[in-house]
Amino acid sequence: MYVAVKGGEAAIRNAHRLLADRRRGDRDVPALRLDQIVEQLALGVDRVMAEGSLYDRELAALALVQSRGDLIEAIFLVRAYRTTLPRFGYTRPVDTAAMLTDRRISATYKDLPGGQLLGPTFDYTHRLLDPELAAGGPVEAPVQRAASDERMPRVSEILAGEGLIEPDGELPVDRDVADITREPLEFPMERDARLQALARGDEGFLLALGYSTQRGYGRTHPFVGEIRIGEVELELDVPGLPFAVPLGRVRVTECQMVNQFKGSAKAPPQFTRGYGLVFGQSERKAMAMSLCDRALRAREFGEDVVAPAQDEEFVVSHLDNVQSTGFVEHLKLPHYVDFQAELDLVRRMRAEHERAPVADAAETREAAE
Amino acid sequence: MKNDRRSERQEEAGRKAAMAALAAAPAHLLADLWAAAGLPEDAEPVRGPETGLVTIRGRIGGGGAPFNLGEATVTRATVKLPTGEIGHAYALGRDREKARMSAIADALWQDPKRRDLVETRILEPLRAALAAADRRRREETAATKVDFFTMVRGED
């Protein structure tokens, strides 16, 4: 017999009203405006955009306020919003070589064309809390210096000249670009589908996996060939116009990881690569993504798949924090009936156990596990 | 014939540049310029303004095969002027009023008699503002460029 139980409407209504109150907090403290969040918590906004897979700063800021600063809840809200909008199409691929750069560094070449531009970085800070920030004092304007028009080639182009590095990843041209938001995941994946999944994957998960490769679980001997952060132009082909329509610019972070060589009887040894591209200023995520991209190419290079970071099905099935949180958090919803069934079962087993001779005890315990 | 095609291409490049300036414009600046320009606002909405998604693509390794990076909000509008020109607008974000004004500006730009007005009153100030902001950004970044020097240690 199954008896449906209803109830809790009033409790839920009041809980949500209480949530709204706690979210607002002390009314004597001014309410946050979205432009304050966009301007002053910009990297949190960027993370919501990257993992929410939707580039829209104001929406990400709204999600952050609505979620009381819970990033995964904010990402969930953004993902849900995405499904309400019609799709206008796919942009032309962005050209990161033509980026208006805010930062560009290489750990492999000191004197690369265009130079090393530190930009607004936390690197080389002392990680000491700054009481002056709490006091809200004035902030100095940045220093300006004449900018050169020197071209800033991607670092891969420099090594490519000597043939010492594998080319940018090519796939057959007649193939449709994979879209994991439209087709269900299928393993094994092509690299384009994997990169799409990695780009919106959880930063913490990818960071841990990237770190695991450094500690020896699928070692790839990485060097940061280049990281660049800045704005790229978007263009969209639309029916009725003879040219690609400009849409404006988005900020992205790109990481070119250069890894140790591969060669075979046919191909001479050359550096291999991992690639990271992420919405916003998200350097840690772009680096972790490029480490994972390279580790997940193990099969392609004939490497033994022995570590978690190399296991495509494991990585791609667990990198999405909206999916993960959905399944973990559903455990707290009512499971009264399921649990009742388990309870009956364990009672029956217990009764049998008490009746049975001692020799059968081990077997019973096994069955219960 | 050849000249026709060349002028057609120039026309397309000019219109694309106009749409680029409009798409990149901060909404408040476009609204201020529009209010000051005194351009006719009569236009029949053909489509939108409406907000939707585009999927942004990157390339593997920066220059390889394309892959889907994620989505962005885009607002578009199409309008028709009483004189018959049809204007389109597309821009990142969810600003409907900006899309409507941009579509009217695109339609007016196609009318040779009114193109100069759109160029001087709207597009030139937008381009100047964008160029100034970009220059400042480049110069601020340039000040963080590392100048390496070598330190000679010890004798000989």
# chains A, B, ... in the order shown; residues from 1 in each chain; ligands from 1
>>> interface_residues(of="chain A", to="chain B", cutoff="6 Å", atoms="only C-alpha atoms", output="VMD selection string")
chain A and resid 53 to 55 85 to 91 93 to 94 102 116 to 119 143 to 147 168 to 171 192 196 246 to 248 275
>>> select_by_dssp(residues="range 76-141 of chain A", states="helix (DSSP H, G or I)", output="list in words")
Phe76, Leu77, Val78, Arg79, Ala80, Tyr81, Arg82, Thr96, Ala97, Ala98, Pro131, Glu132, Leu133, Ala134 and Ala135 of chain A
>>> select_by_dssp(residues="range 260-342 of chain A", states="strand (DSSP E)", output="ChimeraX atom specification")
/A:260-262,270-279
>>> write_last_selection(atoms="N, CA and C atoms", output="mmCIF file, in the first residue's frame")
data_model
loop_
_atom_site.group_PDB
_atom_site.id
_atom_site.type_symbol
_atom_site.label_atom_id
_atom_site.label_comp_id
_atom_site.auth_asym_id
_atom_site.auth_seq_id
_atom_site.Cartn_x
_atom_site.Cartn_y
_atom_site.Cartn_z
ATOM 1 N N GLN A 260 55.493 17.817 -21.852
ATOM 2 C CA GLN A 260 56.640 17.094 -22.388
ATOM 3 C C GLN A 260 56.300 16.297 -23.634
ATOM 4 N N PHE A 261 57.400 15.959 -24.302
ATOM 5 C CA PHE A 261 57.319 15.514 -25.692
ATOM 6 C C PHE A 261 56.717 14.144 -25.888
ATOM 7 N N LYS A 262 56.294 13.992 -27.114
ATOM 8 C CA LYS A 262 55.852 12.698 -27.627
ATOM 9 C C LYS A 262 56.487 12.575 -28.997
ATOM 10 N N GLN A 270 58.197 16.088 -30.118
ATOM 11 C CA GLN A 270 57.815 17.499 -29.996
ATOM 12 C C GLN A 270 56.987 17.694 -28.730
ATOM 13 N N PHE A 271 56.938 18.941 -28.272
ATOM 14 C CA PHE A 271 56.116 19.265 -27.108
ATOM 15 C C PHE A 271 54.645 19.021 -27.433
ATOM 16 N N THR A 272 53.900 18.573 -26.424
ATOM 17 C CA THR A 272 52.453 18.449 -26.566
ATOM 18 C C THR A 272 51.814 19.607 -25.789
ATOM 19 N N ARG A 273 50.497 19.721 -25.877
ATOM 20 C CA ARG A 273 49.859 20.909 -25.301
ATOM 21 C C ARG A 273 48.529 20.602 -24.632
ATOM 22 N N GLY A 274 48.200 21.441 -23.654
ATOM 23 C CA GLY A 274 46.857 21.448 -23.072
ATOM 24 C C GLY A 274 46.327 22.862 -23.193
ATOM 25 N N TYR A 275 45.018 22.996 -23.367
ATOM 26 C CA TYR A 275 44.447 24.313 -23.633
ATOM 27 C C TYR A 275 43.358 24.656 -22.632
ATOM 28 N N GLY A 276 43.356 25.898 -22.191
ATOM 29 C CA GLY A 276 42.299 26.387 -21.301
ATOM 30 C C GLY A 276 41.755 27.702 -21.797
ATOM 31 N N LEU A 277 40.426 27.840 -21.821
ATOM 32 C CA LEU A 277 39.791 29.104 -22.197
ATOM 33 C C LEU A 277 38.543 29.248 -21.331
ATOM 34 N N VAL A 278 38.446 30.381 -20.618
ATOM 35 C CA VAL A 278 37.393 30.545 -19.617
ATOM 36 C C VAL A 278 36.849 31.975 -19.693
ATOM 37 N N PHE A 279 35.559 32.132 -19.434
ATOM 38 C CA PHE A 279 34.967 33.470 -19.353
ATOM 39 C C PHE A 279 35.588 34.254 -18.202
#
>>> residues_around(residues="Leu206 in chain A", least_positions_apart="2", cutoff="7 Å", atoms="only C-alpha atoms", output="ChimeraX atom specification")
/A:202-204,208-210,288-289,292
>>> write_last_selection(atoms="N, CA and C atoms", output="mmCIF file, in the first residue's frame")
data_model
loop_
_atom_site.group_PDB
_atom_site.id
_atom_site.type_symbol
_atom_site.label_atom_id
_atom_site.label_comp_id
_atom_site.auth_asym_id
_atom_site.auth_seq_id
_atom_site.Cartn_x
_atom_site.Cartn_y
_atom_site.Cartn_z
ATOM 1 N N ASP A 202 33.469 22.738 -12.571
ATOM 2 C CA ASP A 202 33.740 23.345 -11.266
ATOM 3 C C ASP A 202 35.229 23.630 -11.101
ATOM 4 N N GLU A 203 35.536 24.865 -10.725
ATOM 5 C CA GLU A 203 36.946 25.257 -10.589
ATOM 6 C C GLU A 203 37.673 24.414 -9.544
ATOM 7 N N GLY A 204 37.017 24.167 -8.420
ATOM 8 C CA GLY A 204 37.658 23.396 -7.357
ATOM 9 C C GLY A 204 37.965 21.971 -7.786
ATOM 10 N N ALA A 208 41.760 20.478 -8.240
ATOM 11 C CA ALA A 208 42.241 19.291 -7.523
ATOM 12 C C ALA A 208 42.796 18.255 -8.503
ATOM 13 N N LEU A 209 42.098 18.072 -9.628
ATOM 14 C CA LEU A 209 42.585 17.101 -10.613
ATOM 15 C C LEU A 209 43.897 17.568 -11.242
ATOM 16 N N GLY A 210 43.969 18.859 -11.558
ATOM 17 C CA GLY A 210 45.206 19.403 -12.128
ATOM 18 C C GLY A 210 46.366 19.198 -11.158
ATOM 19 N N ALA A 288 43.996 25.131 -14.580
ATOM 20 C CA ALA A 288 43.521 23.796 -14.211
ATOM 21 C C ALA A 288 42.894 23.112 -15.424
ATOM 22 N N MET A 289 42.134 23.881 -16.204
ATOM 23 C CA MET A 289 41.482 23.328 -17.395
ATOM 24 C C MET A 289 42.524 22.807 -18.389
ATOM 25 N N CYS A 292 43.999 19.558 -17.189
ATOM 26 C CA CYS A 292 43.051 18.452 -17.373
ATOM 27 C C CYS A 292 42.907 18.102 -18.851
#
>>> residues_around(residues="Glu124 in chain B", least_positions_apart="4", cutoff="12 Å", atoms="only C-alpha atoms", output="list of chain:residue names")
B:Ala17, B:Ala18, B:Ala21, B:Leu22, B:Ala25, B:Leu30, B:Leu33, B:Arg115, B:Asp116, B:Leu117, B:Val118, B:Glu119, B:Thr120, B:Ala128, B:Ala129, B:Leu130, B:Ala131
>>> write_last_selection(atoms="N, CA and C atoms", output="short mmCIF file (atom, residue, chain, number, x, y, z; two decimals), in the first residue's frame")
data_model
loop_
_atom_site.label_atom_id
_atom_site.label_comp_id
_atom_site.auth_asym_id
_atom_site.auth_seq_id
_atom_site.Cartn_x
_atom_site.Cartn_y
_atom_site.Cartn_z
N ALA B 17 31.04 48.63 -39.67
CA ALA B 17 31.74 49.47 -38.69
C ALA B 17 30.75 50.27 -37.85
N ALA B 18 29.67 50.72 -38.49
CA ALA B 18 28.65 51.47 -37.76
C ALA B 18 27.98 50.56 -36.74
N ALA B 21 30.27 50.01 -33.76
CA ALA B 21 30.31 51.14 -32.82
C ALA B 21 29.05 51.15 -31.95
N LEU B 22 27.92 50.85 -32.56
CA LEU B 22 26.65 50.84 -31.81
C LEU B 22 26.63 49.70 -30.79
N ALA B 25 28.71 50.39 -27.75
CA ALA B 25 28.41 51.64 -27.03
C ALA B 25 27.83 51.37 -25.65
N LEU B 30 24.97 56.24 -25.57
CA LEU B 30 24.15 56.22 -26.79
C LEU B 30 22.86 57.00 -26.56
N LEU B 33 23.65 60.78 -26.59
CA LEU B 33 23.96 61.27 -27.94
C LEU B 33 22.68 61.31 -28.78
N ARG B 115 23.05 59.76 -43.72
CA ARG B 115 24.20 59.02 -43.19
C ARG B 115 25.17 59.91 -42.44
N ASP B 116 25.46 61.10 -43.03
CA ASP B 116 26.43 62.00 -42.40
C ASP B 116 26.01 62.40 -40.99
N LEU B 117 24.71 62.64 -40.85
CA LEU B 117 24.20 63.02 -39.52
C LEU B 117 24.46 61.92 -38.51
N VAL B 118 24.15 60.67 -38.90
CA VAL B 118 24.37 59.53 -38.00
C VAL B 118 25.86 59.40 -37.69
N GLU B 119 26.69 59.56 -38.73
CA GLU B 119 28.14 59.44 -38.52
C GLU B 119 28.65 60.51 -37.55
N THR B 120 28.28 61.79 -37.79
CA THR B 120 28.88 62.86 -37.00
C THR B 120 28.26 62.97 -35.60
N ALA B 128 35.14 57.75 -30.64
CA ALA B 128 36.15 58.53 -29.89
C ALA B 128 36.18 58.07 -28.43
N ALA B 129 35.01 57.83 -27.85
CA ALA B 129 34.95 57.41 -26.45
C ALA B 129 35.58 56.03 -26.28
N LEU B 130 35.28 55.13 -27.23
CA LEU B 130 35.82 53.77 -27.15
C LEU B 130 37.34 53.79 -27.33
N ALA B 131 37.81 54.60 -28.30
CA ALA B 131 39.25 54.67 -28.56
C ALA B 131 39.98 55.22 -27.34
#
>>> residues_around(residues="range 105-114 of chain A", least_positions_apart="4", cutoff="12 Å", atoms="only C-alpha atoms", output="ChimeraX atom specification")
/A:97,101,118-121,123,147-159,222-229,253-259,283 /B:141-142,144-149
>>> write_last_selection(atoms="N, CA and C atoms", output="CSV table (one decimal), in the first residue's frame")
chain,number,residue,atom,x,y,z
A,97,ALA,N,44.5,35.9,-30.5
A,97,ALA,CA,45.7,36.6,-30.8
A,97,ALA,C,45.4,38.1,-31.0
A,101,THR,N,44.7,43.1,-24.5
A,101,THR,CA,45.1,42.3,-23.3
A,101,THR,C,45.2,43.2,-22.1
A,118,LEU,N,52.2,42.2,-16.6
A,118,LEU,CA,51.6,41.6,-15.4
A,118,LEU,C,50.1,41.9,-15.2
A,119,GLY,N,49.7,43.1,-15.5
A,119,GLY,CA,48.3,43.5,-15.4
A,119,GLY,C,47.8,43.5,-13.9
A,120,PRO,N,46.5,43.4,-13.7
A,120,PRO,CA,46.0,43.5,-12.3
A,120,PRO,C,46.1,42.1,-11.7
A,121,THR,N,47.2,41.8,-11.1
A,121,THR,CA,47.4,40.4,-10.6
A,121,THR,C,47.6,40.3,-9.1
A,123,ASP,N,49.6,38.0,-8.0
A,123,ASP,CA,51.0,37.5,-7.9
A,123,ASP,C,51.9,38.5,-7.2
A,147,ALA,N,52.0,52.8,-24.8
A,147,ALA,CA,51.9,51.4,-25.2
A,147,ALA,C,52.4,51.2,-26.6
A,148,SER,N,53.1,50.1,-26.8
A,148,SER,CA,53.6,49.8,-28.1
A,148,SER,C,52.6,49.1,-29.0
A,149,ASP,N,52.8,49.2,-30.3
A,149,ASP,CA,51.8,48.5,-31.2
A,149,ASP,C,52.4,47.1,-31.6
A,150,GLU,N,53.4,46.7,-30.8
A,150,GLU,CA,54.0,45.4,-31.2
A,150,GLU,C,53.0,44.3,-31.2
A,151,ARG,N,53.1,43.4,-32.2
A,151,ARG,CA,52.2,42.3,-32.2
A,151,ARG,C,52.5,41.3,-31.1
A,152,MET,N,51.4,40.7,-30.6
A,152,MET,CA,51.6,39.8,-29.4
A,152,MET,C,51.2,38.4,-29.8
A,153,PRO,N,52.1,37.7,-30.6
A,153,PRO,CA,51.7,36.4,-31.1
A,153,PRO,C,51.5,35.4,-29.9
A,154,ARG,N,50.7,34.4,-30.1
A,154,ARG,CA,50.5,33.4,-29.1
A,154,ARG,C,51.9,32.6,-29.0
A,155,VAL,N,52.2,32.2,-27.8
A,155,VAL,CA,53.6,31.6,-27.6
A,155,VAL,C,53.7,30.3,-28.5
A,156,SER,N,52.6,29.7,-28.8
A,156,SER,CA,52.7,28.4,-29.6
A,156,SER,C,53.2,28.7,-31.0
A,157,GLU,N,53.0,29.9,-31.5
A,157,GLU,CA,53.4,30.3,-32.8
A,157,GLU,C,55.0,30.3,-32.8
A,158,ILE,N,55.6,30.7,-31.7
A,158,ILE,CA,57.0,30.9,-31.6
A,158,ILE,C,57.7,29.5,-31.8
A,159,LEU,N,57.2,28.5,-31.0
A,159,LEU,CA,57.8,27.2,-31.1
A,159,LEU,C,57.4,26.5,-32.4
A,222,PRO,N,54.2,19.9,-17.1
A,222,PRO,CA,53.7,21.1,-17.7
A,222,PRO,C,54.6,22.4,-17.5
A,223,PHE,N,54.5,23.2,-18.4
A,223,PHE,CA,55.0,24.6,-18.3
A,223,PHE,C,53.9,25.5,-18.8
A,224,VAL,N,53.8,26.7,-18.1
A,224,VAL,CA,52.9,27.7,-18.6
A,224,VAL,C,53.5,28.4,-19.8
A,225,GLY,N,53.2,28.0,-21.0
A,225,GLY,CA,53.7,28.7,-22.2
A,225,GLY,C,53.2,30.1,-22.2
A,226,GLU,N,51.9,30.3,-21.9
A,226,GLU,CA,51.4,31.6,-21.9
A,226,GLU,C,50.0,31.7,-21.2
A,227,ILE,N,49.8,32.8,-20.5
A,227,ILE,CA,48.5,33.1,-20.0
A,227,ILE,C,48.1,34.5,-20.5
A,228,ARG,N,47.0,34.6,-21.1
A,228,ARG,CA,46.6,36.0,-21.4
A,228,ARG,C,45.1,36.2,-21.0
A,229,ILE,N,44.9,37.5,-20.6
A,229,ILE,CA,43.5,37.8,-20.1
A,229,ILE,C,43.2,39.1,-20.9
A,253,THR,N,40.0,34.4,-20.3
A,253,THR,CA,41.3,34.1,-19.9
A,253,THR,C,41.7,32.8,-20.7
A,254,GLU,N,42.9,32.9,-21.3
A,254,GLU,CA,43.4,31.8,-22.1
A,254,GLU,C,44.7,31.2,-21.5
A,255,CYS,N,44.9,29.9,-21.4
A,255,CYS,CA,46.1,29.3,-20.9
A,255,CYS,C,46.6,28.3,-21.9
A,256,GLN,N,47.9,28.5,-22.3
A,256,GLN,CA,48.5,27.5,-23.2
A,256,GLN,C,49.5,26.8,-22.3
A,257,MET,N,49.2,25.5,-22.0
A,257,MET,CA,50.1,24.7,-21.2
A,257,MET,C,51.0,23.9,-22.2
A,258,VAL,N,52.3,23.9,-22.0
A,258,VAL,CA,53.2,23.2,-22.9
A,258,VAL,C,53.7,22.0,-22.1
A,259,ASN,N,53.6,20.8,-22.6
A,259,ASN,CA,53.9,19.6,-21.9
A,259,ASN,C,55.0,18.8,-22.6
A,283,GLU,N,42.2,32.9,-14.0
A,283,GLU,CA,43.5,32.4,-14.3
A,283,GLU,C,43.7,30.9,-13.8
B,141,THR,N,48.0,49.0,-18.8
B,141,THR,CA,48.7,47.6,-18.9
B,141,THR,C,50.2,47.8,-19.2
B,142,ALA,N,50.5,48.7,-20.1
B,142,ALA,CA,51.9,48.9,-20.5
B,142,ALA,C,52.8,49.2,-19.3
B,144,THR,N,52.7,48.0,-16.5
B,144,THR,CA,53.0,46.8,-15.7
B,144,THR,C,53.9,45.8,-16.5
B,145,LYS,N,54.4,46.3,-17.6
B,145,LYS,CA,55.4,45.5,-18.4
B,145,LYS,C,56.7,45.3,-17.7
B,146,VAL,N,57.2,44.1,-17.7
B,146,VAL,CA,58.4,43.8,-17.0
B,146,VAL,C,59.6,44.2,-17.8
B,147,ASP,N,60.5,45.1,-17.3
B,147,ASP,CA,61.7,45.4,-17.9
B,147,ASP,C,62.8,44.6,-17.2
B,148,PHE,N,63.3,43.5,-17.9
B,148,PHE,CA,64.3,42.7,-17.3
B,148,PHE,C,65.7,43.4,-17.4
B,149,PHE,N,66.5,43.2,-16.4
B,149,PHE,CA,67.9,43.7,-16.4
B,149,PHE,C,68.7,42.6,-15.8
>>> residues_around(residues="Leu108 in chain B", least_positions_apart="3", cutoff="10 Å", atoms="only C-alpha atoms", output="ChimeraX atom specification")
/B:39-41,80-81,83,85-87,102-105,111-118
>>> residues_around(residues="range 37-41 of chain A", least_positions_apart="3", cutoff="9 Å", atoms="only C-alpha atoms", output="PyMOL selection string")
chain A and resi 32-34+44-46+57-58+60-62+64-65
>>> atom_distance(atom1="CA of Ala132 in chain B", atom2="CA of Pro26 in chain B")
13.5 Å
>>> atom_distance(atom1="CA of Leu29 in chain B", atom2="CA of Pro49 in chain B")
19.1 Å
>>> atom_distance(atom1="CA of Glu9 in chain A", atom2="CA of Asp21 in chain A")
18.6 Å
>>> decode(residues="range 162-195 of chain A", atoms="C-alpha atoms", output="PDB file, in the first residue's frame")
ATOM      1  CA  GLU A 162      60.835  25.302 -35.449  1.00  0.00           C
ATOM      2  CA  GLY A 163      58.336  22.447 -35.529  1.00  0.00           C
ATOM      3  CA  LEU A 164      59.111  21.696 -31.884  1.00  0.00           C
ATOM      4  CA  ILE A 165      55.499  21.808 -30.702  1.00  0.00           C
ATOM      5  CA  GLU A 166      52.382  20.092 -31.896  1.00  0.00           C
ATOM      6  CA  PRO A 167      50.029  22.322 -33.914  1.00  0.00           C
ATOM      7  CA  ASP A 168      46.749  23.748 -32.567  1.00  0.00           C
ATOM      8  CA  GLY A 169      44.259  20.904 -32.225  1.00  0.00           C
ATOM      9  CA  GLU A 170      42.612  20.120 -35.543  1.00  0.00           C
ATOM     10  CA  LEU A 171      39.490  18.040 -36.082  1.00  0.00           C
ATOM     11  CA  PRO A 172      37.989  16.989 -39.429  1.00  0.00           C
ATOM     12  CA  VAL A 173      36.560  20.130 -41.086  1.00  0.00           C
ATOM     13  CA  ASP A 174      33.344  18.520 -42.288  1.00  0.00           C
ATOM     14  CA  ARG A 175      32.402  17.587 -38.738  1.00  0.00           C
ATOM     15  CA  ASP A 176      29.705  19.486 -36.791  1.00  0.00           C
ATOM     16  CA  VAL A 177      31.071  21.172 -33.680  1.00  0.00           C
ATOM     17  CA  ALA A 178      29.973  19.170 -30.646  1.00  0.00           C
ATOM     18  CA  ASP A 179      27.472  20.865 -28.321  1.00  0.00           C
ATOM     19  CA  ILE A 180      26.960  19.152 -24.962  1.00  0.00           C
ATOM     20  CA  THR A 181      24.005  21.443 -24.223  1.00  0.00           C
ATOM     21  CA  ARG A 182      22.091  19.910 -27.130  1.00  0.00           C
ATOM     22  CA  GLU A 183      23.226  16.295 -27.330  1.00  0.00           C
ATOM     23  CA  PRO A 184      23.638  13.862 -24.436  1.00  0.00           C
ATOM     24  CA  LEU A 185      27.187  13.030 -23.359  1.00  0.00           C
ATOM     25  CA  GLU A 186      28.722  10.055 -25.107  1.00  0.00           C
ATOM     26  CA  PHE A 187      32.035   8.438 -24.305  1.00  0.00           C
ATOM     27  CA  PRO A 188      34.636   8.517 -25.678  1.00  0.00           C
ATOM     28  CA  MET A 189      34.329  12.218 -26.475  1.00  0.00           C
ATOM     29  CA  GLU A 190      36.071  14.359 -29.044  1.00  0.00           C
ATOM     30  CA  ARG A 191      38.288  17.112 -27.707  1.00  0.00           C
ATOM     31  CA  ASP A 192      35.811  19.872 -28.640  1.00  0.00           C
ATOM     32  CA  ALA A 193      33.047  18.355 -26.480  1.00  0.00           C
ATOM     33  CA  ARG A 194      35.501  17.811 -23.642  1.00  0.00           C
ATOM     34  CA  LEU A 195      36.711  21.417 -23.743  1.00  0.00           C
TER      35      LEU A 195
END
